[in-house]
file start_11.tsv (TSV, C-alpha atoms and all ligand atoms)
chain	number	residue	atom	x	y	z
N	1	MET	CA	145.18	-142.75	120.09
N	2	ASP	CA	148.19	-145.06	119.93
N	3	PRO	CA	149.91	-144.84	123.37
N	4	GLY	CA	153.29	-145.53	121.71
N	5	ARG	CA	153.11	-142.39	119.60
N	6	ASP	CA	155.12	-139.33	120.49
N	7	ASP	CA	152.88	-136.82	118.73
N	8	VAL	CA	149.35	-136.37	119.97
N	9	THR	CA	147.85	-134.85	116.85
N	10	THR	CA	144.51	-136.38	115.97
N	11	ARG	CA	144.73	-138.13	112.63
N	12	VAL	CA	141.51	-137.97	110.65
N	13	LEU	CA	140.38	-139.52	107.38
N	14	VAL	CA	137.56	-137.62	105.66
N	15	THR	CA	135.79	-139.77	103.07
N	16	GLY	CA	133.99	-137.58	100.56
N	17	GLY	CA	136.33	-134.79	101.63
N	18	ALA	CA	136.10	-133.21	98.16
N	19	GLY	CA	132.30	-133.12	98.22
N	20	ARG	CA	130.03	-130.28	99.28
N	21	LEU	CA	130.06	-131.11	102.98
N	22	GLY	CA	133.65	-132.31	102.87
N	23	ARG	CA	134.83	-128.93	101.61
N	24	GLU	CA	133.42	-127.42	104.82
N	25	VAL	CA	134.73	-130.18	107.07
N	26	VAL	CA	138.34	-130.36	105.89
N	27	PRO	CA	139.32	-126.72	106.65
N	28	ARG	CA	137.75	-127.04	110.11
N	29	CYS	CA	139.82	-130.14	110.80
N	30	LEU	CA	142.96	-128.33	109.66
N	31	ARG	CA	142.16	-125.33	111.87
N	32	ARG	CA	141.99	-127.74	114.81
N	33	GLY	CA	145.54	-128.76	114.02
N	34	TRP	CA	144.53	-132.28	113.07
N	35	THR	CA	146.39	-134.32	110.49
N	36	VAL	CA	143.92	-134.70	107.65
N	37	ARG	CA	143.70	-137.30	104.93
N	38	VAL	CA	141.07	-136.97	102.21
N	39	MET	CA	139.70	-139.98	100.38
N	40	SER	CA	138.60	-139.40	96.80
N	41	ARG	CA	138.36	-141.37	93.56
N	42	ARG	CA	140.03	-138.47	91.78
N	43	PRO	CA	143.65	-137.31	91.68
N	44	PRO	CA	144.54	-134.44	93.98
N	45	PRO	CA	143.71	-130.99	92.59
N	46	GLY	CA	147.15	-129.41	92.82
N	47	HIS	CA	148.85	-128.47	96.05
N	48	GLN	CA	147.02	-129.64	99.13
N	49	GLU	CA	147.41	-129.01	102.83
N	50	VAL	CA	146.06	-132.50	103.31
N	51	GLU	CA	147.24	-135.96	102.45
N	52	TRP	CA	145.19	-137.09	99.47
N	53	VAL	CA	144.42	-140.79	99.05
N	54	MET	CA	142.74	-142.17	95.96
N	55	ALA	CA	140.35	-144.96	96.84
N	56	ASP	CA	137.05	-146.37	95.66
N	57	LEU	CA	134.60	-147.52	98.29
N	58	ALA	CA	132.58	-149.44	95.67
N	59	SER	CA	135.42	-151.71	94.60
N	60	GLY	CA	137.46	-151.47	97.79
N	61	ALA	CA	140.56	-150.36	95.86
N	62	GLY	CA	142.80	-148.28	98.10
N	63	VAL	CA	140.49	-148.46	101.12
N	64	ASP	CA	142.89	-150.41	103.36
N	65	ALA	CA	145.70	-147.98	102.63
N	66	ALA	CA	143.41	-145.02	103.27
N	67	ALA	CA	142.48	-146.36	106.71
N	68	THR	CA	145.96	-146.93	108.12
N	69	ASP	CA	147.60	-144.77	110.81
N	70	LEU	CA	144.44	-142.98	111.84
N	71	ASP	CA	142.47	-142.18	114.96
N	72	VAL	CA	139.14	-141.11	113.50
N	73	VAL	CA	137.20	-141.58	110.27
N	74	LEU	CA	134.68	-138.93	109.28
N	75	HIS	CA	132.60	-140.87	106.78
N	76	LEU	CA	130.79	-138.50	104.43
N	77	ALA	CA	131.11	-140.28	101.07
N	78	SER	CA	127.91	-141.28	99.37
N	79	LEU	CA	126.51	-141.82	95.89
N	80	PRO	CA	122.81	-140.94	96.10
N	81	TYR	CA	120.07	-142.26	93.84
N	82	ARG	CA	122.22	-144.49	91.60
N	83	GLY	CA	120.54	-147.85	92.25
N	84	ARG	CA	123.02	-150.67	92.70
N	85	ARG	CA	125.96	-148.29	92.51
N	86	THR	CA	124.54	-146.61	95.60
N	87	ASP	CA	124.37	-150.01	97.31
N	88	ALA	CA	128.00	-150.62	96.41
N	89	VAL	CA	129.20	-147.27	97.78
N	90	ASP	CA	126.86	-146.53	100.66
N	91	ILE	CA	126.26	-150.01	102.07
N	92	GLY	CA	129.09	-152.21	100.75
N	93	GLY	CA	131.55	-149.33	100.86
N	94	THR	CA	130.65	-148.45	104.44
N	95	GLN	CA	131.12	-152.08	105.42
N	96	ARG	CA	134.52	-152.21	103.66
N	97	LEU	CA	135.57	-148.97	105.32
N	98	ILE	CA	134.59	-150.14	108.81
N	99	GLN	CA	136.43	-153.43	108.38
N	100	ALA	CA	139.54	-151.64	107.13
N	101	ALA	CA	139.29	-149.17	110.03
N	102	ALA	CA	139.01	-152.03	112.53
N	103	ARG	CA	142.08	-153.77	111.09
N	104	ALA	CA	144.00	-150.50	111.34
N	105	GLY	CA	142.99	-149.81	114.94
N	106	VAL	CA	140.82	-146.74	114.28
N	107	THR	CA	139.03	-145.77	117.50
N	108	HIS	CA	136.04	-143.77	116.23
N	109	VAL	CA	133.97	-143.61	113.04
N	110	VAL	CA	131.63	-140.64	112.66
N	111	TYR	CA	128.96	-141.19	110.03
N	112	VAL	CA	126.80	-138.46	108.55
N	113	SER	CA	123.29	-139.58	107.80
N	114	ILE	CA	119.96	-137.87	107.14
N	115	VAL	CA	117.14	-136.91	109.50
N	116	GLY	CA	114.19	-139.16	108.66
N	117	VAL	CA	116.04	-142.21	107.36
N	118	ASP	CA	114.27	-144.31	109.96
N	119	ALA	CA	110.85	-142.86	109.17
N	120	ILE	CA	110.65	-142.21	105.41
N	121	PRO	CA	110.95	-145.27	103.13
N	122	TRP	CA	112.64	-143.53	100.19
N	123	PRO	CA	115.17	-145.84	98.50
N	124	TYR	CA	118.18	-143.62	99.26
N	125	PHE	CA	117.07	-143.20	102.87
N	126	ARG	CA	116.81	-146.98	103.25
N	127	LYS	CA	120.38	-147.30	102.02
N	128	LYS	CA	121.60	-144.69	104.48
N	129	LEU	CA	119.76	-146.56	107.25
N	130	ALA	CA	121.39	-149.81	106.12
N	131	ALA	CA	124.77	-148.08	106.30
N	132	GLU	CA	123.95	-146.88	109.81
N	133	GLU	CA	123.21	-150.50	110.72
N	134	ARG	CA	126.64	-151.55	109.47
N	135	LEU	CA	128.14	-149.07	111.91
N	136	ARG	CA	125.96	-150.12	114.83
N	137	ARG	CA	126.90	-153.76	114.36
N	138	GLY	CA	130.50	-153.11	113.41
N	139	PRO	CA	133.68	-153.55	115.41
N	140	VAL	CA	134.66	-149.85	115.66
N	141	ALA	CA	133.13	-147.40	118.15
N	142	TRP	CA	130.89	-144.94	116.34
N	143	SER	CA	128.75	-141.83	116.32
N	144	ILE	CA	126.00	-141.01	113.84
N	145	VAL	CA	125.00	-137.43	113.07
N	146	ARG	CA	121.84	-137.12	111.01
N	147	ALA	CA	121.38	-133.78	109.27
N	148	THR	CA	118.44	-132.30	107.41
N	149	GLN	CA	118.69	-131.23	103.75
N	150	PHE	CA	121.44	-128.76	102.96
N	151	TYR	CA	120.37	-125.36	101.59
N	152	PRO	CA	122.23	-125.82	98.28
N	153	LEU	CA	120.48	-129.15	97.62
N	154	LEU	CA	117.10	-127.64	98.39
N	155	ASP	CA	117.77	-124.73	96.06
N	156	THR	CA	118.81	-127.09	93.26
N	157	VAL	CA	115.71	-129.25	93.66
N	158	LEU	CA	113.32	-126.33	93.94
N	159	SER	CA	114.94	-124.43	91.07
N	160	TRP	CA	114.37	-127.49	88.92
N	161	ALA	CA	110.81	-127.87	90.18
N	162	ALA	CA	110.10	-124.19	89.62
N	163	ARG	CA	110.46	-124.76	85.86
N	164	LEU	CA	107.36	-126.96	85.93
N	165	PRO	CA	104.00	-125.26	85.39
N	166	VAL	CA	102.53	-127.08	88.37
N	167	LEU	CA	104.21	-128.82	91.28
N	168	ALA	CA	102.13	-131.58	92.84
N	169	GLY	CA	102.76	-132.49	96.46
N	170	PRO	CA	102.05	-131.48	100.03
N	171	ALA	CA	102.59	-127.73	100.35
N	172	ASP	CA	102.57	-127.37	104.10
N	173	VAL	CA	105.31	-129.81	104.98
N	174	PRO	CA	107.76	-127.95	107.17
N	175	GLY	CA	111.45	-128.52	106.67
N	176	ARG	CA	114.46	-127.35	108.57
N	177	PRO	CA	117.16	-127.04	105.92
N	178	VAL	CA	120.63	-126.56	107.27
N	179	ASP	CA	123.81	-124.84	106.21
N	180	PRO	CA	126.48	-127.49	105.46
N	181	ALA	CA	128.98	-125.26	107.30
N	182	ASP	CA	126.95	-125.77	110.48
N	183	VAL	CA	126.81	-129.52	109.88
N	184	ALA	CA	130.58	-129.50	109.47
N	185	ALA	CA	130.95	-127.75	112.82
N	186	ARG	CA	128.63	-130.32	114.41
N	187	LEU	CA	130.77	-133.14	113.03
N	188	ILE	CA	133.88	-131.61	114.60
N	189	THR	CA	132.01	-131.56	117.92
N	190	ALA	CA	131.20	-135.24	117.43
N	191	VAL	CA	134.89	-136.03	116.94
N	192	ASP	CA	135.78	-134.08	120.08
N	193	ALA	CA	133.11	-135.84	122.12
N	194	GLY	CA	134.31	-139.31	121.22
N	195	PRO	CA	132.13	-142.28	120.30
N	196	SER	CA	128.52	-141.73	121.41
N	197	LEU	CA	127.20	-145.09	120.21
N	198	GLY	CA	124.07	-143.11	119.44
N	199	VAL	CA	122.35	-140.94	116.87
N	200	ALA	CA	122.26	-137.15	117.06
N	201	GLU	CA	119.89	-135.20	114.84
N	202	PHE	CA	120.83	-131.77	113.57
N	203	ALA	CA	118.76	-129.22	111.69
N	204	GLY	CA	118.77	-125.58	110.72
N	205	PRO	CA	117.07	-122.81	112.67
N	206	GLU	CA	114.26	-122.00	110.24
N	207	ALA	CA	111.24	-124.10	109.37
N	208	PRO	CA	109.90	-122.70	106.08
N	209	HIS	CA	107.13	-124.62	104.42
N	210	VAL	CA	107.52	-126.16	100.99
N	211	ARG	CA	105.00	-123.67	99.58
N	212	ALA	CA	107.02	-120.67	100.78
N	213	ASP	CA	110.28	-122.16	99.52
N	214	CYS	CA	108.80	-122.83	96.06
N	215	ARG	CA	107.47	-119.28	95.81
N	216	ALA	CA	110.80	-117.85	96.91
N	217	VAL	CA	112.80	-119.87	94.39
N	218	ALA	CA	110.36	-119.24	91.55
N	219	GLY	CA	110.43	-115.52	92.35
N	220	GLY	CA	114.20	-115.48	92.64
N	221	TYR	CA	114.14	-114.05	96.13
N	222	ARG	CA	115.14	-116.97	98.25
N	223	SER	CA	116.72	-115.63	101.41
N	224	ALA	CA	120.26	-116.46	102.35
N	225	PRO	CA	120.63	-119.07	105.04
N	226	ALA	CA	120.72	-117.85	108.58
N	227	SER	CA	124.18	-117.02	109.79
N	228	PRO	CA	126.00	-119.77	111.68
N	229	ALA	CA	125.63	-117.72	114.85
N	230	GLU	CA	121.88	-118.06	114.62
N	231	ALA	CA	122.05	-121.63	113.55
N	232	ALA	CA	122.11	-123.33	116.88
N	233	PRO	CA	120.21	-126.51	116.24
N	234	ALA	CA	116.52	-125.72	116.44
N	235	TRP	CA	116.11	-129.47	116.49
N	236	PRO	CA	118.85	-130.32	118.90
N	237	ALA	CA	120.74	-133.53	119.20
N	238	ARG	CA	118.66	-136.42	120.41
N	239	PRO	CA	121.29	-138.82	121.66
N	240	GLY	CA	120.30	-142.43	121.63
N	241	VAL	CA	117.57	-142.17	118.98
E	1	LIG	N1	123.15	-132.95	100.53
E	1	LIG	C1	122.28	-132.96	101.56
E	1	LIG	O1	121.27	-132.23	101.60
E	1	LIG	C2	122.53	-133.89	102.73
E	1	LIG	C3	121.71	-133.82	103.87
E	1	LIG	C4	121.98	-134.66	104.96
E	1	LIG	C5	123.03	-135.55	104.90
E	1	LIG	N2	123.80	-135.62	103.76
E	1	LIG	C6	124.89	-136.58	103.72
E	1	LIG	O2	126.09	-135.84	103.76
E	1	LIG	C7	127.11	-136.57	103.06
E	1	LIG	C8	127.83	-135.65	102.09
E	1	LIG	O3	126.87	-135.08	101.22
E	1	LIG	P1	127.36	-134.05	100.07
E	1	LIG	O4	126.16	-133.26	99.68
E	1	LIG	O5	128.61	-133.39	100.49
E	1	LIG	O6	127.67	-135.08	98.89
E	1	LIG	P2	128.58	-134.86	97.58
E	1	LIG	O7	128.91	-133.43	97.38
E	1	LIG	O8	127.86	-135.60	96.49
E	1	LIG	O9	129.91	-135.64	97.95
E	1	LIG	C9	129.89	-137.03	98.05
E	1	LIG	C10	131.30	-137.53	98.03
E	1	LIG	O10	131.24	-138.98	98.03
E	1	LIG	C11	132.39	-139.43	97.37
E	1	LIG	N3	132.18	-140.73	96.74
E	1	LIG	C12	131.17	-141.08	95.92
E	1	LIG	N4	131.38	-142.34	95.47
E	1	LIG	C13	132.53	-142.76	96.02
E	1	LIG	C14	133.29	-143.97	95.93
E	1	LIG	N5	132.90	-145.00	95.14
E	1	LIG	N6	134.45	-144.07	96.63
E	1	LIG	C15	134.87	-143.04	97.40
E	1	LIG	N7	134.22	-141.86	97.51
E	1	LIG	C16	133.05	-141.73	96.83
E	1	LIG	C17	132.70	-138.40	96.30
E	1	LIG	O11	134.11	-138.29	96.24
E	1	LIG	P3	134.94	-138.08	94.86
E	1	LIG	O12	133.97	-137.61	93.81
E	1	LIG	O13	135.96	-137.07	95.24
E	1	LIG	O14	135.51	-139.43	94.54
E	1	LIG	C18	132.08	-137.10	96.82
E	1	LIG	O15	133.06	-136.16	97.19
E	1	LIG	C19	126.41	-137.77	102.41
E	1	LIG	O16	126.66	-138.92	103.18
E	1	LIG	C20	124.94	-137.41	102.47
E	1	LIG	O17	124.09	-138.53	102.55
E	1	LIG	C21	123.60	-134.81	102.69

call {"tool": "encode", "arguments": {"input": "start_11.tsv", "output": "structure tokens"}}
result
Amino acid sequence: MDPGRDDVTTRVLVTGGAGRLGREVVPRCLRRGWTVRVMSRRPPPGHQEVEWVMADLASGAGVDAAATDLDVVLHLASLPYRGRRTDAVDIGGTQRLIQAAARAGVTHVVYVSIVGVDAIPWPYFRKKLAAEERLRRGPVAWSIVRATQFYPLLDTVLSWAARLPVLAGPADVPGRPVDPADVAARLITAVDAGPSLGVAEFAGPEAPHVRADCRAVAGGYRSAPASPAEAAPAWPARPGV
């Protein structure tokens, strides 16, 4: 926070604020009374309670302007599974964002990553891990919150897979999918706590197995996610991972 400022409202930039997680994060920031700026490549969709900044993390266009006059960056933007375009957004874009934030005097960058990026060598996970590294080595104090797969993503993937006659893969792998609303709440907590210089891992309360999830989706009876009240992290934060 700039000591010369009269107002003490926290000023937050949410990259990817128009995405699935961002749409849960932004209203929570507003309810906290924070001044919210959303970064998107698209024009603003009509009247907004937020300041809307068009920027492209891949090219760097607009990133410096998006990072000025801020306290905190909640960095959610990502472009999964697009090869070099993912590199440009997730790795190069994270680097550009951190540098711009440092020049602008931002005091905290919160990055949302994925549980398992350090253990599973999938290409997208490697890119998320590389982005985490940019934060760790960067000039701005940081926190990383790794979440498990969001329910809507799981439903999309399994609905697609359910169209196949046979699904090959390990059936008994447990997962702990999470409601993006709960992840959003966890990110707000991370902002409140200040830079942890560590990794917290966050997961949903249930651990269904892949077999059960596939059956549920194929049968059209997938249960609704547990309510946020029940969704205290079954896999709680592990600071310093
Ligand atoms: N989905 C999951 O299951 C899951 C699980 C754990 C962690 N996460 C992480 O959570 C974060 C958000 O995921 P999500 O599901 O909300 O993703 P999403 O709905 O796909 O949103 C991603 C956002 O990234 C922005 N973006 C993409 N390319 C950009 C660029 N070149 N410049 C600026 N912004 C760009 C997009 O903004 P515009 O289109 O508005 O430009 C979009 O709103 C990601 O970092 C992801 O890795 C996701």

call {"tool": "residues_around", "arguments": {"input": "start_11.tsv", "residues": "Gly60 (chain N)", "least_positions_apart": "3", "cutoff": "9 Å", "atoms": "all atoms listed in the file", "output": "list in words"}}
result
Ala55, Asp56, Leu57, Val63, Asp64, Gly92, Gly93, Arg96 and Leu97 of chain N

call {"tool": "residues_near_ligand", "arguments": {"input": "start_11.tsv", "ligand": "ligand LIG 1 (chain E)", "cutoff": "6 Å", "atoms": "all atoms listed in the file", "output": "ChimeraX atom specification"}}
result
/N:16-22,40-42,55-58,76-79,89,112-114,147-150,153

call {"tool": "closest_residue", "arguments": {"input": "start_11.tsv", "among": "N:Ile120, N:Leu129, N:Met54, N:Cys29", "to": "Asp192 (chain N)", "atoms": "all atoms listed in the file"}}
result
N:Cys29

call {"tool": "atom_distance", "arguments": {"input": "start_11.tsv", "atom1": "CA of Ile188 (chain N)", "atom2": "CA of Val26 (chain N)"}}
result
9.9 Å

call {"tool": "residues_around", "arguments": {"input": "start_11.tsv", "residues": "region 196-200 of chain N", "least_positions_apart": "4", "cutoff": "12 Å", "atoms": "all atoms listed in the file", "output": "PyMOL selection string"}}
result
chain N and resi 107-118+129+132-133+135-148+183+186-187+189-192+233+235-241

call {"tool": "closest_residue", "arguments": {"input": "start_11.tsv", "among": "N:Leu13, N:Val8, N:Val50, N:Ala65", "to": "Leu30 (chain N)", "atoms": "only C-alpha atoms"}}
result
N:Val50

call {"tool": "closest_residue", "arguments": {"input": "start_11.tsv", "among": "N:Val72, N:Val38, N:Ala119, N:Ala88", "to": "Val106 (chain N)", "atoms": "all atoms listed in the file"}}
result
N:Val72

call {"tool": "atom_distance", "arguments": {"input": "start_11.tsv", "atom1": "CA of Tyr151 (chain N)", "atom2": "CA of Arg163 (chain N)"}}
result
18.6 Å

call {"tool": "residues_around", "arguments": {"input": "start_11.tsv", "residues": "Thr10 (chain N)", "least_positions_apart": "2", "cutoff": "8 Å", "atoms": "only C-alpha atoms", "output": "PyMOL selection string"}}
result
chain N and resi 1+8+12+33-35+70-72

call {"tool": "atom_distance", "arguments": {"input": "start_11.tsv", "atom1": "CA of Trp122 (chain N)", "atom2": "CA of Ala184 (chain N)"}}
result
24.6 Å

call {"tool": "closest_residue", "arguments": {"input": "start_11.tsv", "among": "N:Pro152, N:Trp160, N:Pro205, N:Gly83", "to": "Pro123 (chain N)", "atoms": "only C-alpha atoms"}}
result
N:Gly83

call {"tool": "closest_residue", "arguments": {"input": "start_11.tsv", "among": "N:Glu51, N:Ser159, N:Arg134, N:Val36", "to": "Gln99 (chain N)", "atoms": "only C-alpha atoms"}}
result
N:Arg134

call {"tool": "build_atoms", "arguments": {"input": "start_11.tsv", "residues": "region 181-207 of chain N", "atoms": "N, CA and C atoms", "output": "PDB file, in the frame of the given file"}}
result
ATOM      1  N   ALA N 181     127.907-125.745 106.415  1.00  0.00           N
ATOM      2  CA  ALA N 181     128.980-125.260 107.300  1.00  0.00           C
ATOM      3  C   ALA N 181     128.641-125.580 108.759  1.00  0.00           C
ATOM      4  N   ASP N 182     127.360-125.453 109.103  1.00  0.00           N
ATOM      5  CA  ASP N 182     126.950-125.770 110.480  1.00  0.00           C
ATOM      6  C   ASP N 182     127.026-127.268 110.750  1.00  0.00           C
ATOM      7  N   VAL N 183     126.697-128.057 109.726  1.00  0.00           N
ATOM      8  CA  VAL N 183     126.810-129.520 109.880  1.00  0.00           C
ATOM      9  C   VAL N 183     128.276-129.891 110.086  1.00  0.00           C
ATOM     10  N   ALA N 184     129.145-129.237 109.320  1.00  0.00           N
ATOM     11  CA  ALA N 184     130.580-129.500 109.470  1.00  0.00           C
ATOM     12  C   ALA N 184     131.027-129.220 110.903  1.00  0.00           C
ATOM     13  N   ALA N 185     130.576-128.089 111.439  1.00  0.00           N
ATOM     14  CA  ALA N 185     130.950-127.750 112.820  1.00  0.00           C
ATOM     15  C   ALA N 185     130.414-128.803 113.797  1.00  0.00           C
ATOM     16  N   ARG N 186     129.222-129.293 113.536  1.00  0.00           N
ATOM     17  CA  ARG N 186     128.630-130.320 114.410  1.00  0.00           C
ATOM     18  C   ARG N 186     129.435-131.627 114.346  1.00  0.00           C
ATOM     19  N   LEU N 187     129.961-131.920 113.173  1.00  0.00           N
ATOM     20  CA  LEU N 187     130.770-133.140 113.030  1.00  0.00           C
ATOM     21  C   LEU N 187     132.078-133.024 113.810  1.00  0.00           C
ATOM     22  N   ILE N 188     132.649-131.820 113.816  1.00  0.00           N
ATOM     23  CA  ILE N 188     133.880-131.610 114.600  1.00  0.00           C
ATOM     24  C   ILE N 188     133.576-131.840 116.080  1.00  0.00           C
ATOM     25  N   THR N 189     132.420-131.340 116.521  1.00  0.00           N
ATOM     26  CA  THR N 189     132.010-131.560 117.920  1.00  0.00           C
ATOM     27  C   THR N 189     131.886-133.057 118.206  1.00  0.00           C
ATOM     28  N   ALA N 190     131.358-133.789 117.239  1.00  0.00           N
ATOM     29  CA  ALA N 190     131.200-135.240 117.430  1.00  0.00           C
ATOM     30  C   ALA N 190     132.556-135.930 117.567  1.00  0.00           C
ATOM     31  N   VAL N 191     133.537-135.462 116.804  1.00  0.00           N
ATOM     32  CA  VAL N 191     134.890-136.030 116.940  1.00  0.00           C
ATOM     33  C   VAL N 191     135.428-135.731 118.339  1.00  0.00           C
ATOM     34  N   ASP N 192     135.274-134.480 118.758  1.00  0.00           N
ATOM     35  CA  ASP N 192     135.780-134.080 120.080  1.00  0.00           C
ATOM     36  C   ASP N 192     135.135-134.894 121.197  1.00  0.00           C
ATOM     37  N   ALA N 193     133.851-135.168 121.042  1.00  0.00           N
ATOM     38  CA  ALA N 193     133.110-135.840 122.120  1.00  0.00           C
ATOM     39  C   ALA N 193     133.469-137.314 122.241  1.00  0.00           C
ATOM     40  N   GLY N 194     134.021-137.879 121.196  1.00  0.00           N
ATOM     41  CA  GLY N 194     134.310-139.310 121.220  1.00  0.00           C
ATOM     42  C   GLY N 194     133.074-140.119 120.861  1.00  0.00           C
ATOM     43  N   PRO N 195     133.235-141.444 120.754  1.00  0.00           N
ATOM     44  CA  PRO N 195     132.130-142.280 120.300  1.00  0.00           C
ATOM     45  C   PRO N 195     130.902-142.153 121.204  1.00  0.00           C
ATOM     46  N   SER N 196     129.754-141.851 120.613  1.00  0.00           N
ATOM     47  CA  SER N 196     128.520-141.730 121.410  1.00  0.00           C
ATOM     48  C   SER N 196     127.727-143.028 121.406  1.00  0.00           C
ATOM     49  N   LEU N 197     128.009-143.883 120.428  1.00  0.00           N
ATOM     50  CA  LEU N 197     127.200-145.090 120.210  1.00  0.00           C
ATOM     51  C   LEU N 197     125.724-144.718 120.154  1.00  0.00           C
ATOM     52  N   GLY N 198     125.445-143.583 119.561  1.00  0.00           N
ATOM     53  CA  GLY N 198     124.070-143.110 119.440  1.00  0.00           C
ATOM     54  C   GLY N 198     123.923-142.198 118.239  1.00  0.00           C
ATOM     55  N   VAL N 199     122.684-141.776 118.020  1.00  0.00           N
ATOM     56  CA  VAL N 199     122.350-140.940 116.870  1.00  0.00           C
ATOM     57  C   VAL N 199     122.004-139.542 117.369  1.00  0.00           C
ATOM     58  N   ALA N 200     122.644-138.529 116.786  1.00  0.00           N
ATOM     59  CA  ALA N 200     122.260-137.150 117.060  1.00  0.00           C
ATOM     60  C   ALA N 200     121.592-136.593 115.807  1.00  0.00           C
ATOM     61  N   GLU N 201     120.565-135.804 115.991  1.00  0.00           N
ATOM     62  CA  GLU N 201     119.890-135.200 114.840  1.00  0.00           C
ATOM     63  C   GLU N 201     120.143-133.705 114.851  1.00  0.00           C
ATOM     64  N   PHE N 202     120.384-133.160 113.670  1.00  0.00           N
ATOM     65  CA  PHE N 202     120.830-131.770 113.570  1.00  0.00           C
ATOM     66  C   PHE N 202     120.105-131.089 112.423  1.00  0.00           C
ATOM     67  N   ALA N 203     119.543-129.920 112.702  1.00  0.00           N
ATOM     68  CA  ALA N 203     118.760-129.220 111.690  1.00  0.00           C
ATOM     69  C   ALA N 203     119.009-127.731 111.786  1.00  0.00           C
ATOM     70  N   GLY N 204     118.613-127.019 110.738  1.00  0.00           N
ATOM     71  CA  GLY N 204     118.770-125.580 110.720  1.00  0.00           C
ATOM     72  C   GLY N 204     117.753-124.874 111.603  1.00  0.00           C
ATOM     73  N   PRO N 205     117.904-123.558 111.718  1.00  0.00           N
ATOM     74  CA  PRO N 205     117.070-122.810 112.670  1.00  0.00           C
ATOM     75  C   PRO N 205     115.692-122.433 112.127  1.00  0.00           C
ATOM     76  N   GLU N 206     115.536-122.468 110.803  1.00  0.00           N
ATOM     77  CA  GLU N 206     114.260-122.000 110.240  1.00  0.00           C
ATOM     78  C   GLU N 206     113.430-123.191 109.806  1.00  0.00           C
ATOM     79  N   ALA N 207     112.125-123.026 109.826  1.00  0.00           N
ATOM     80  CA  ALA N 207     111.240-124.100 109.370  1.00  0.00           C
ATOM     81  C   ALA N 207     110.291-123.565 108.301  1.00  0.00           C
TER      82      ALA N 207
END
